[in-house]
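Next comes data_0.txt, a file with compact mmCIF, N, CA and C atoms.
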```
# COMPACT_ATOMS: atom_id res chain seq x y z
N MET A 1 229.21 39.10 0.66
CA MET A 1 230.14 38.21 0.00
C MET A 1 230.46 38.66 -1.42
N SER A 2 229.46 39.13 -2.17
CA SER A 2 229.70 39.50 -3.55
C SER A 2 230.71 40.63 -3.66
N GLU A 3 230.76 41.52 -2.69
CA GLU A 3 231.70 42.62 -2.74
C GLU A 3 233.14 42.12 -2.75
N LEU A 4 233.39 40.98 -2.15
CA LEU A 4 234.73 40.42 -2.12
C LEU A 4 235.21 39.99 -3.50
N LEU A 5 234.27 39.75 -4.41
CA LEU A 5 234.64 39.29 -5.74
C LEU A 5 235.00 40.44 -6.68
N VAL A 6 234.73 41.67 -6.27
CA VAL A 6 235.05 42.82 -7.12
C VAL A 6 236.40 43.38 -6.69
N PRO A 7 237.38 43.26 -7.57
CA PRO A 7 238.68 43.84 -7.23
C PRO A 7 238.54 45.35 -7.00
N THR A 8 239.25 45.87 -6.03
CA THR A 8 239.11 47.29 -5.68
C THR A 8 239.40 48.20 -6.87
N GLU A 9 240.28 47.78 -7.76
CA GLU A 9 240.58 48.62 -8.93
C GLU A 9 239.42 48.69 -9.92
N LEU A 10 238.39 47.87 -9.70
CA LEU A 10 237.21 47.89 -10.57
C LEU A 10 236.02 48.58 -9.92
N LEU A 11 236.21 49.16 -8.75
CA LEU A 11 235.12 49.90 -8.11
C LEU A 11 234.98 51.26 -8.78
N THR A 12 233.75 51.61 -9.13
CA THR A 12 233.48 52.84 -9.88
C THR A 12 233.26 54.05 -8.99
N GLY A 13 232.97 53.82 -7.71
CA GLY A 13 232.63 54.92 -6.83
C GLY A 13 231.16 55.31 -6.91
N VAL A 14 230.39 54.57 -7.68
CA VAL A 14 228.94 54.76 -7.77
C VAL A 14 228.32 53.54 -7.08
N GLY A 15 227.75 53.77 -5.90
CA GLY A 15 227.31 52.68 -5.05
C GLY A 15 226.42 51.66 -5.73
N GLU A 16 225.40 52.11 -6.42
CA GLU A 16 224.47 51.17 -7.07
C GLU A 16 225.18 50.35 -8.15
N MET A 17 226.03 50.99 -8.93
CA MET A 17 226.74 50.26 -9.98
C MET A 17 227.70 49.25 -9.36
N ASP A 18 228.42 49.64 -8.32
CA ASP A 18 229.34 48.71 -7.67
C ASP A 18 228.60 47.53 -7.04
N SER A 19 227.43 47.79 -6.47
CA SER A 19 226.62 46.70 -5.90
C SER A 19 226.16 45.74 -6.99
N GLN A 20 225.71 46.29 -8.10
CA GLN A 20 225.29 45.43 -9.21
C GLN A 20 226.46 44.63 -9.75
N HIS A 21 227.61 45.26 -9.88
CA HIS A 21 228.80 44.53 -10.35
C HIS A 21 229.15 43.40 -9.38
N GLY A 22 229.06 43.66 -8.09
CA GLY A 22 229.33 42.62 -7.11
C GLY A 22 228.42 41.42 -7.29
N ARG A 23 227.13 41.69 -7.49
CA ARG A 23 226.18 40.59 -7.70
C ARG A 23 226.48 39.85 -9.00
N LEU A 24 226.87 40.58 -10.05
CA LEU A 24 227.18 39.94 -11.32
C LEU A 24 228.45 39.09 -11.23
N PHE A 25 229.48 39.60 -10.55
CA PHE A 25 230.68 38.78 -10.36
C PHE A 25 230.34 37.51 -9.58
N LEU A 26 229.47 37.62 -8.59
CA LEU A 26 229.05 36.44 -7.84
C LEU A 26 228.30 35.46 -8.74
N GLN A 27 227.40 35.98 -9.56
CA GLN A 27 226.67 35.10 -10.48
C GLN A 27 227.62 34.41 -11.45
N ILE A 28 228.60 35.13 -11.97
CA ILE A 28 229.57 34.52 -12.88
C ILE A 28 230.29 33.39 -12.17
N GLN A 29 230.68 33.61 -10.93
CA GLN A 29 231.35 32.57 -10.15
C GLN A 29 230.43 31.35 -9.97
N GLN A 30 229.16 31.58 -9.69
CA GLN A 30 228.20 30.49 -9.52
C GLN A 30 228.02 29.70 -10.81
N VAL A 31 227.93 30.40 -11.94
CA VAL A 31 227.81 29.73 -13.24
C VAL A 31 229.05 28.87 -13.48
N LYS A 32 230.20 29.46 -13.22
CA LYS A 32 231.46 28.74 -13.44
C LYS A 32 231.50 27.46 -12.61
N GLU A 33 231.19 27.58 -11.33
CA GLU A 33 231.21 26.40 -10.46
C GLU A 33 230.22 25.34 -10.93
N ALA A 34 229.03 25.77 -11.31
CA ALA A 34 228.01 24.81 -11.74
C ALA A 34 228.42 24.12 -13.04
N LEU A 35 228.92 24.88 -13.99
CA LEU A 35 229.27 24.29 -15.28
C LEU A 35 230.51 23.41 -15.20
N LEU A 36 231.47 23.80 -14.37
CA LEU A 36 232.71 23.04 -14.31
C LEU A 36 232.60 21.81 -13.41
N THR A 37 231.70 21.83 -12.44
CA THR A 37 231.60 20.67 -11.54
C THR A 37 230.62 19.62 -12.05
N VAL A 38 229.75 19.99 -12.94
CA VAL A 38 228.79 19.02 -13.48
C VAL A 38 228.83 19.04 -15.01
N ALA A 39 230.02 18.81 -15.55
CA ALA A 39 230.21 18.88 -17.00
C ALA A 39 229.32 17.89 -17.75
N ASP A 40 228.98 16.76 -17.10
CA ASP A 40 228.13 15.77 -17.78
C ASP A 40 226.65 16.13 -17.69
N ASP A 41 226.27 17.07 -16.83
CA ASP A 41 224.88 17.48 -16.66
C ASP A 41 224.83 19.00 -16.53
N PRO A 42 224.91 19.69 -17.67
CA PRO A 42 225.04 21.15 -17.63
C PRO A 42 223.73 21.91 -17.41
N GLU A 43 222.63 21.22 -17.09
CA GLU A 43 221.35 21.91 -16.97
C GLU A 43 221.37 22.99 -15.89
N ARG A 44 221.92 22.70 -14.72
CA ARG A 44 221.98 23.70 -13.65
C ARG A 44 222.82 24.89 -14.08
N GLY A 45 223.97 24.61 -14.68
CA GLY A 45 224.83 25.69 -15.16
C GLY A 45 224.15 26.51 -16.23
N ALA A 46 223.43 25.85 -17.14
CA ALA A 46 222.72 26.58 -18.19
C ALA A 46 221.62 27.44 -17.59
N ALA A 47 220.94 26.93 -16.58
CA ALA A 47 219.89 27.72 -15.92
C ALA A 47 220.50 28.95 -15.24
N LEU A 48 221.64 28.76 -14.57
CA LEU A 48 222.32 29.89 -13.93
C LEU A 48 222.85 30.87 -14.97
N LEU A 49 223.34 30.37 -16.10
CA LEU A 49 223.81 31.25 -17.17
C LEU A 49 222.64 32.05 -17.74
N SER A 50 221.49 31.43 -17.87
CA SER A 50 220.30 32.14 -18.34
C SER A 50 219.92 33.25 -17.36
N GLN A 51 220.00 32.95 -16.07
CA GLN A 51 219.73 33.98 -15.05
C GLN A 51 220.77 35.10 -15.12
N LEU A 52 222.03 34.74 -15.35
CA LEU A 52 223.08 35.74 -15.50
C LEU A 52 222.80 36.63 -16.70
N ALA A 53 222.40 36.03 -17.81
CA ALA A 53 222.08 36.83 -19.00
C ALA A 53 220.96 37.81 -18.70
N ASP A 54 219.94 37.35 -17.98
CA ASP A 54 218.85 38.25 -17.58
C ASP A 54 219.35 39.36 -16.67
N SER A 55 220.22 39.01 -15.72
CA SER A 55 220.78 40.01 -14.81
C SER A 55 221.63 41.03 -15.56
N LEU A 56 222.39 40.55 -16.54
CA LEU A 56 223.19 41.47 -17.35
C LEU A 56 222.27 42.44 -18.11
N ASP A 57 221.17 41.92 -18.66
CA ASP A 57 220.22 42.79 -19.37
C ASP A 57 219.69 43.88 -18.45
N VAL A 58 219.33 43.51 -17.23
CA VAL A 58 218.80 44.49 -16.26
C VAL A 58 219.89 45.51 -15.92
N HIS A 59 221.09 45.03 -15.66
CA HIS A 59 222.21 45.92 -15.32
C HIS A 59 222.51 46.88 -16.47
N PHE A 60 222.59 46.33 -17.68
CA PHE A 60 222.89 47.17 -18.83
C PHE A 60 221.81 48.22 -19.04
N ALA A 61 220.55 47.84 -18.87
CA ALA A 61 219.45 48.81 -19.01
C ALA A 61 219.57 49.90 -17.96
N TRP A 62 219.95 49.53 -16.73
CA TRP A 62 220.12 50.52 -15.67
C TRP A 62 221.21 51.52 -16.06
N GLU A 63 222.36 51.01 -16.50
CA GLU A 63 223.45 51.90 -16.91
C GLU A 63 223.00 52.83 -18.03
N GLU A 64 222.33 52.28 -19.03
CA GLU A 64 221.89 53.08 -20.16
C GLU A 64 220.89 54.15 -19.73
N ASP A 65 219.97 53.80 -18.85
CA ASP A 65 218.99 54.78 -18.34
C ASP A 65 219.67 55.89 -17.55
N VAL A 66 220.60 55.53 -16.68
CA VAL A 66 221.29 56.53 -15.85
C VAL A 66 222.13 57.45 -16.74
N ALA A 67 222.83 56.88 -17.70
CA ALA A 67 223.65 57.69 -18.61
C ALA A 67 222.76 58.66 -19.40
N ARG A 68 221.66 58.16 -19.91
CA ARG A 68 220.73 58.99 -20.68
C ARG A 68 220.20 60.13 -19.80
N ALA A 69 219.81 59.81 -18.58
CA ALA A 69 219.26 60.82 -17.67
C ALA A 69 220.28 61.91 -17.36
N CYS A 70 221.56 61.57 -17.39
CA CYS A 70 222.62 62.55 -17.09
C CYS A 70 223.20 63.18 -18.35
N GLY A 71 222.67 62.79 -19.52
CA GLY A 71 223.17 63.36 -20.78
C GLY A 71 224.55 62.88 -21.16
N ILE A 72 224.92 61.69 -20.73
CA ILE A 72 226.25 61.13 -21.02
C ILE A 72 226.18 60.36 -22.34
N PRO A 73 227.04 60.69 -23.32
CA PRO A 73 227.07 59.93 -24.58
C PRO A 73 227.37 58.46 -24.28
N PHE A 74 226.59 57.57 -24.91
CA PHE A 74 226.66 56.17 -24.48
C PHE A 74 226.56 55.17 -25.63
N ALA A 75 226.64 55.62 -26.87
CA ALA A 75 226.40 54.72 -28.01
C ALA A 75 227.40 53.56 -28.07
N GLU A 76 228.68 53.86 -27.92
CA GLU A 76 229.69 52.80 -27.99
C GLU A 76 229.52 51.82 -26.83
N HIS A 77 229.25 52.33 -25.65
CA HIS A 77 229.04 51.51 -24.47
C HIS A 77 227.82 50.60 -24.68
N THR A 78 226.76 51.14 -25.27
CA THR A 78 225.55 50.35 -25.54
C THR A 78 225.86 49.23 -26.53
N ARG A 79 226.67 49.51 -27.55
CA ARG A 79 227.05 48.45 -28.50
C ARG A 79 227.82 47.34 -27.80
N GLU A 80 228.67 47.72 -26.84
CA GLU A 80 229.41 46.71 -26.07
C GLU A 80 228.46 45.87 -25.23
N HIS A 81 227.46 46.50 -24.65
CA HIS A 81 226.44 45.75 -23.91
C HIS A 81 225.77 44.73 -24.82
N ALA A 82 225.38 45.17 -26.01
CA ALA A 82 224.70 44.26 -26.95
C ALA A 82 225.60 43.09 -27.33
N ARG A 83 226.89 43.36 -27.52
CA ARG A 83 227.83 42.29 -27.89
C ARG A 83 227.94 41.25 -26.78
N ILE A 84 228.08 41.71 -25.54
CA ILE A 84 228.21 40.79 -24.41
C ILE A 84 226.93 39.98 -24.24
N ALA A 85 225.78 40.65 -24.29
CA ALA A 85 224.49 39.95 -24.12
C ALA A 85 224.28 38.91 -25.21
N SER A 86 224.60 39.27 -26.44
CA SER A 86 224.44 38.35 -27.56
C SER A 86 225.34 37.13 -27.40
N PHE A 87 226.59 37.36 -26.99
CA PHE A 87 227.52 36.26 -26.79
C PHE A 87 227.02 35.31 -25.70
N CYS A 88 226.56 35.89 -24.60
CA CYS A 88 226.08 35.10 -23.47
C CYS A 88 224.90 34.22 -23.90
N ARG A 89 223.97 34.80 -24.65
CA ARG A 89 222.80 34.03 -25.12
C ARG A 89 223.23 32.96 -26.12
N ALA A 90 224.20 33.26 -26.97
CA ALA A 90 224.68 32.26 -27.94
C ALA A 90 225.30 31.07 -27.22
N MET A 91 225.99 31.32 -26.12
CA MET A 91 226.62 30.22 -25.37
C MET A 91 225.57 29.30 -24.76
N LEU A 92 224.40 29.84 -24.44
CA LEU A 92 223.32 28.97 -23.94
C LEU A 92 222.98 27.91 -24.98
N GLY A 93 222.90 28.33 -26.24
CA GLY A 93 222.63 27.37 -27.32
C GLY A 93 223.74 26.35 -27.47
N GLU A 94 224.97 26.79 -27.34
CA GLU A 94 226.10 25.87 -27.46
C GLU A 94 226.14 24.89 -26.30
N ILE A 95 225.80 25.35 -25.11
CA ILE A 95 225.75 24.44 -23.96
C ILE A 95 224.65 23.41 -24.18
N ASP A 96 223.49 23.87 -24.61
CA ASP A 96 222.37 22.95 -24.87
C ASP A 96 222.72 21.89 -25.91
N SER A 97 223.48 22.29 -26.92
CA SER A 97 223.83 21.34 -27.99
C SER A 97 225.08 20.52 -27.67
N GLY A 98 225.74 20.82 -26.54
CA GLY A 98 226.94 20.09 -26.15
C GLY A 98 228.19 20.53 -26.90
N LYS A 99 228.13 21.65 -27.60
CA LYS A 99 229.26 22.11 -28.40
C LYS A 99 230.13 23.16 -27.71
N CYS A 100 229.78 23.52 -26.49
CA CYS A 100 230.50 24.59 -25.79
C CYS A 100 231.74 24.05 -25.09
N ASN A 101 232.86 24.72 -25.30
CA ASN A 101 234.07 24.44 -24.54
C ASN A 101 233.91 25.22 -23.23
N ILE A 102 233.34 24.57 -22.23
CA ILE A 102 232.94 25.24 -21.00
C ILE A 102 234.11 25.90 -20.27
N PRO A 103 235.25 25.22 -20.08
CA PRO A 103 236.35 25.91 -19.39
C PRO A 103 236.80 27.18 -20.12
N ALA A 104 236.91 27.11 -21.44
CA ALA A 104 237.33 28.29 -22.21
C ALA A 104 236.27 29.39 -22.11
N PHE A 105 235.02 29.00 -22.19
CA PHE A 105 233.93 29.98 -22.09
C PHE A 105 233.97 30.70 -20.75
N MET A 106 234.19 29.96 -19.67
CA MET A 106 234.16 30.59 -18.35
C MET A 106 235.36 31.51 -18.14
N VAL A 107 236.52 31.15 -18.65
CA VAL A 107 237.67 32.04 -18.58
C VAL A 107 237.34 33.32 -19.35
N TYR A 108 236.74 33.16 -20.53
CA TYR A 108 236.38 34.32 -21.33
C TYR A 108 235.36 35.21 -20.60
N MET A 109 234.34 34.61 -19.99
CA MET A 109 233.32 35.41 -19.30
C MET A 109 233.94 36.22 -18.17
N ASP A 110 234.81 35.59 -17.40
CA ASP A 110 235.50 36.32 -16.33
C ASP A 110 236.22 37.54 -16.89
N ARG A 111 237.05 37.30 -17.89
CA ARG A 111 237.86 38.37 -18.47
C ARG A 111 237.00 39.39 -19.19
N CYS A 112 235.97 38.93 -19.86
CA CYS A 112 235.09 39.83 -20.62
C CYS A 112 234.44 40.84 -19.69
N PHE A 113 233.88 40.37 -18.58
CA PHE A 113 233.20 41.29 -17.68
C PHE A 113 234.20 42.21 -16.97
N GLU A 114 235.32 41.66 -16.52
CA GLU A 114 236.34 42.50 -15.91
C GLU A 114 236.81 43.58 -16.88
N SER A 115 237.06 43.19 -18.11
CA SER A 115 237.52 44.12 -19.13
C SER A 115 236.46 45.18 -19.42
N HIS A 116 235.21 44.78 -19.46
CA HIS A 116 234.12 45.74 -19.69
C HIS A 116 234.09 46.79 -18.58
N VAL A 117 234.16 46.34 -17.34
CA VAL A 117 234.15 47.28 -16.23
C VAL A 117 235.35 48.21 -16.33
N LEU A 118 236.51 47.66 -16.61
CA LEU A 118 237.74 48.45 -16.68
C LEU A 118 237.69 49.48 -17.80
N HIS A 119 237.24 49.08 -18.97
CA HIS A 119 237.30 49.96 -20.14
C HIS A 119 236.06 50.82 -20.35
N TYR A 120 234.95 50.48 -19.75
CA TYR A 120 233.72 51.23 -19.97
C TYR A 120 233.12 51.78 -18.67
N ASP A 121 232.96 50.92 -17.68
CA ASP A 121 232.20 51.33 -16.49
C ASP A 121 232.97 52.26 -15.56
N LEU A 122 234.29 52.14 -15.51
CA LEU A 122 235.04 53.09 -14.69
C LEU A 122 234.86 54.51 -15.24
N LYS A 123 234.86 54.64 -16.55
CA LYS A 123 234.64 55.95 -17.18
C LYS A 123 233.21 56.41 -16.92
N LEU A 124 232.26 55.51 -17.02
CA LEU A 124 230.87 55.87 -16.72
C LEU A 124 230.76 56.34 -15.27
N GLY A 125 231.43 55.67 -14.36
CA GLY A 125 231.41 56.09 -12.97
C GLY A 125 231.94 57.51 -12.80
N GLU A 126 233.04 57.80 -13.47
CA GLU A 126 233.59 59.17 -13.43
C GLU A 126 232.57 60.17 -13.96
N ASP A 127 231.98 59.85 -15.10
CA ASP A 127 231.01 60.76 -15.72
C ASP A 127 229.79 60.96 -14.83
N LEU A 128 229.32 59.88 -14.19
CA LEU A 128 228.15 60.01 -13.29
C LEU A 128 228.49 60.86 -12.07
N ARG A 129 229.67 60.64 -11.50
CA ARG A 129 230.05 61.44 -10.35
C ARG A 129 230.20 62.91 -10.72
N SER A 130 230.76 63.19 -11.91
CA SER A 130 230.87 64.57 -12.38
C SER A 130 229.51 65.21 -12.60
N ALA A 131 228.59 64.44 -13.19
CA ALA A 131 227.24 64.96 -13.44
C ALA A 131 226.54 65.26 -12.12
N GLN A 132 226.70 64.39 -11.14
CA GLN A 132 226.07 64.62 -9.83
C GLN A 132 226.69 65.82 -9.13
N ALA A 133 227.99 66.00 -9.27
CA ALA A 133 228.67 67.14 -8.62
C ALA A 133 228.25 68.46 -9.22
N SER A 134 227.90 68.46 -10.50
CA SER A 134 227.52 69.71 -11.16
C SER A 134 226.04 70.06 -10.97
N GLU A 135 225.29 69.16 -10.36
CA GLU A 135 223.86 69.44 -10.12
C GLU A 135 223.67 70.40 -8.99
```

Whole structure, structure tokens version:
Amino acid sequence: MSELLVPTELLTGVGEMDSQHGRLFLQIQQVKEALLTVADDPERGAALLSQLADSLDVHFAWEEDVARACGIPFAEHTREHARIASFCRAMLGEIDSGKCNIPAFMVYMDRCFESHVLHYDLKLGEDLRSAQASE
């Protein structure tokens, strides 16, 4: 099911990365549904968002490790990972305090992750495939 949430234009051609992206898109959808359907009781959505933040950390670490192992320059990409992770964690605090505009946040999360894949991970996929081909 998660594969259906990844638009084909966002597939990197690296199986593990595409699988992880599929799971992350699914988690984003689950967070969105939980936060938007229970706006008066955001605890479930906050718990799912916390799990998403953890999943993003694991995914980002995987990308960074694979890039490092292949000798791919990754500093800018790593900074983008840190920005996304920091934002996600900050939103947990805003949800807990009741100050989060949940619909706006969820639209942003959708676009943020799609944009990250488009502008960073597609290039990483190309670089990983090139590195593997030259081995």

Counting all atoms listed in the file, give me one row per residue of region 49-125 of chain A with an atom at most 8 Å from an atom of region 15-24 of chain A, showing the shortest contact pair and its distance in Å to one decimal, sorted by chain then residue number, as a tab-separated table.
```
residue	atom	partner	partner_atom	distance
A:Leu52	CA	A:Leu24	CA	7.2
A:Ser55	C	A:Leu24	CA	7.1
A:Leu56	N	A:Leu24	CA	7.1
A:His59	CA	A:Gln20	CA	6.9
A:Glu63	CA	A:Met17	CA	7.8
```

Take the residues from that selection and put them in a file with N, CA and C atoms, as a CSV table (one decimal), in the coordinates of the input.
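Ended up saving to part.csv:
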```
chain,number,residue,atom,x,y,z
A,52,LEU,N,222.0,34.7,-15.4
A,52,LEU,CA,223.1,35.7,-15.5
A,52,LEU,C,222.8,36.6,-16.7
A,55,SER,N,220.2,39.0,-15.7
A,55,SER,CA,220.8,40.0,-14.8
A,55,SER,C,221.6,41.0,-15.6
A,56,LEU,N,222.4,40.6,-16.5
A,56,LEU,CA,223.2,41.5,-17.4
A,56,LEU,C,222.3,42.4,-18.1
A,59,HIS,N,221.1,45.0,-15.7
A,59,HIS,CA,222.2,45.9,-15.3
A,59,HIS,C,222.5,46.9,-16.5
A,63,GLU,N,222.4,51.0,-16.5
A,63,GLU,CA,223.4,51.9,-16.9
A,63,GLU,C,223.0,52.8,-18.0
```

Report as JSON lines the residues of region 38-107 of chain A within 7 Å of region 29-33 of chain A, each with its shortest atom pair and distance in Å (one decimal), using only C-alpha atoms, ordered by chain and increasing residue number.
```
{"residue": "A:Gly45", "atom": "CA", "partner": "A:Val31", "partner_atom": "CA", "distance": 5.4}
{"residue": "A:Leu48", "atom": "CA", "partner": "A:Val31", "partner_atom": "CA", "distance": 5.5}
{"residue": "A:Leu49", "atom": "CA", "partner": "A:Val31", "partner_atom": "CA", "distance": 5.8}
{"residue": "A:Met106", "atom": "CA", "partner": "A:Lys32", "partner_atom": "CA", "distance": 5.9}
```

Practice problem: To one decimal in Å, tell me the separation between atom C of Tyr120 (chain A) and atom N of His81 (chain A). | Solution: 9.8 Å

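Between CA of Ala61 (chain A) and atom C of Ala46 (chain A) the separation is 21.5 Å.
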
Quiz prompt | Nearest-residue call for Ala131 (chain A), choices A:Gly13, A:Pro7, A:Gly71, A:Pro103, using only C-alpha atoms | solution = A:Gly71

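Separating CA of Asp121 (chain A) from atom N of Thr78 (chain A) is a distance of 10.3 Å.
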
Quiz item: Which of these residues is nearest to Met91 (chain A), using only C-alpha atoms: A:Ala47, A:Leu128, A:Leu10, A:Leu26?
Solution: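 Comparing A:Ala47, A:Leu128, A:Leu10, A:Leu26 against Met91 (chain A), the winner is A:Ala47.
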
Quiz item: Which of these residues is nearest to Arg129 (chain A), using all atoms listed in the file: A:Val14, A:Ala85, A:Leu92, A:Val58?
Solution: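 Selected residue with least distance to Arg129 (chain A): A:Val14.
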
The centre and edge lengths of an axis-aligned box containing all atoms of region 52-58 of chain A present in the file, extended by 5 Å on each side, are to be given in Å to one decimal, as AutoDock Vina command-line options.
```
--center_x 221.0 --center_y 40.1 --center_z -17.1 --size_x 14.4 --size_y 20.8 --size_z 14.6
```

Exercise. Please report, as a VMD selection string, each residue of region 42-122 of chain A to which DSSP assigns alpha helix (DSSP H) when run on this structure's backbone.
Key: chain A and resid 43 to 69 75 to 97 102 to 116 122

Quiz prompt | Minimum-distance residue to Ala53 (chain A), chosen among A:His77, A:Arg68, A:His119, A:Arg89 (using only C-alpha atoms) | solution = A:Arg89

Quiz item: Pick from A:Thr12, A:Glu80, A:Met109, A:Cys100: nearest to Ile28 (chain A), with all atoms listed in the file counted?
Solution: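 That would be A:Met109, the residue with the smallest distance to Ile28 (chain A).
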
Quiz item: Restricting the calculation to only N, CA and C atoms, which member of A:Glu43, A:Glu114, A:Glu126, A:Asp57 is positioned closest to Asp96 (chain A)?
Solution: A:Glu43
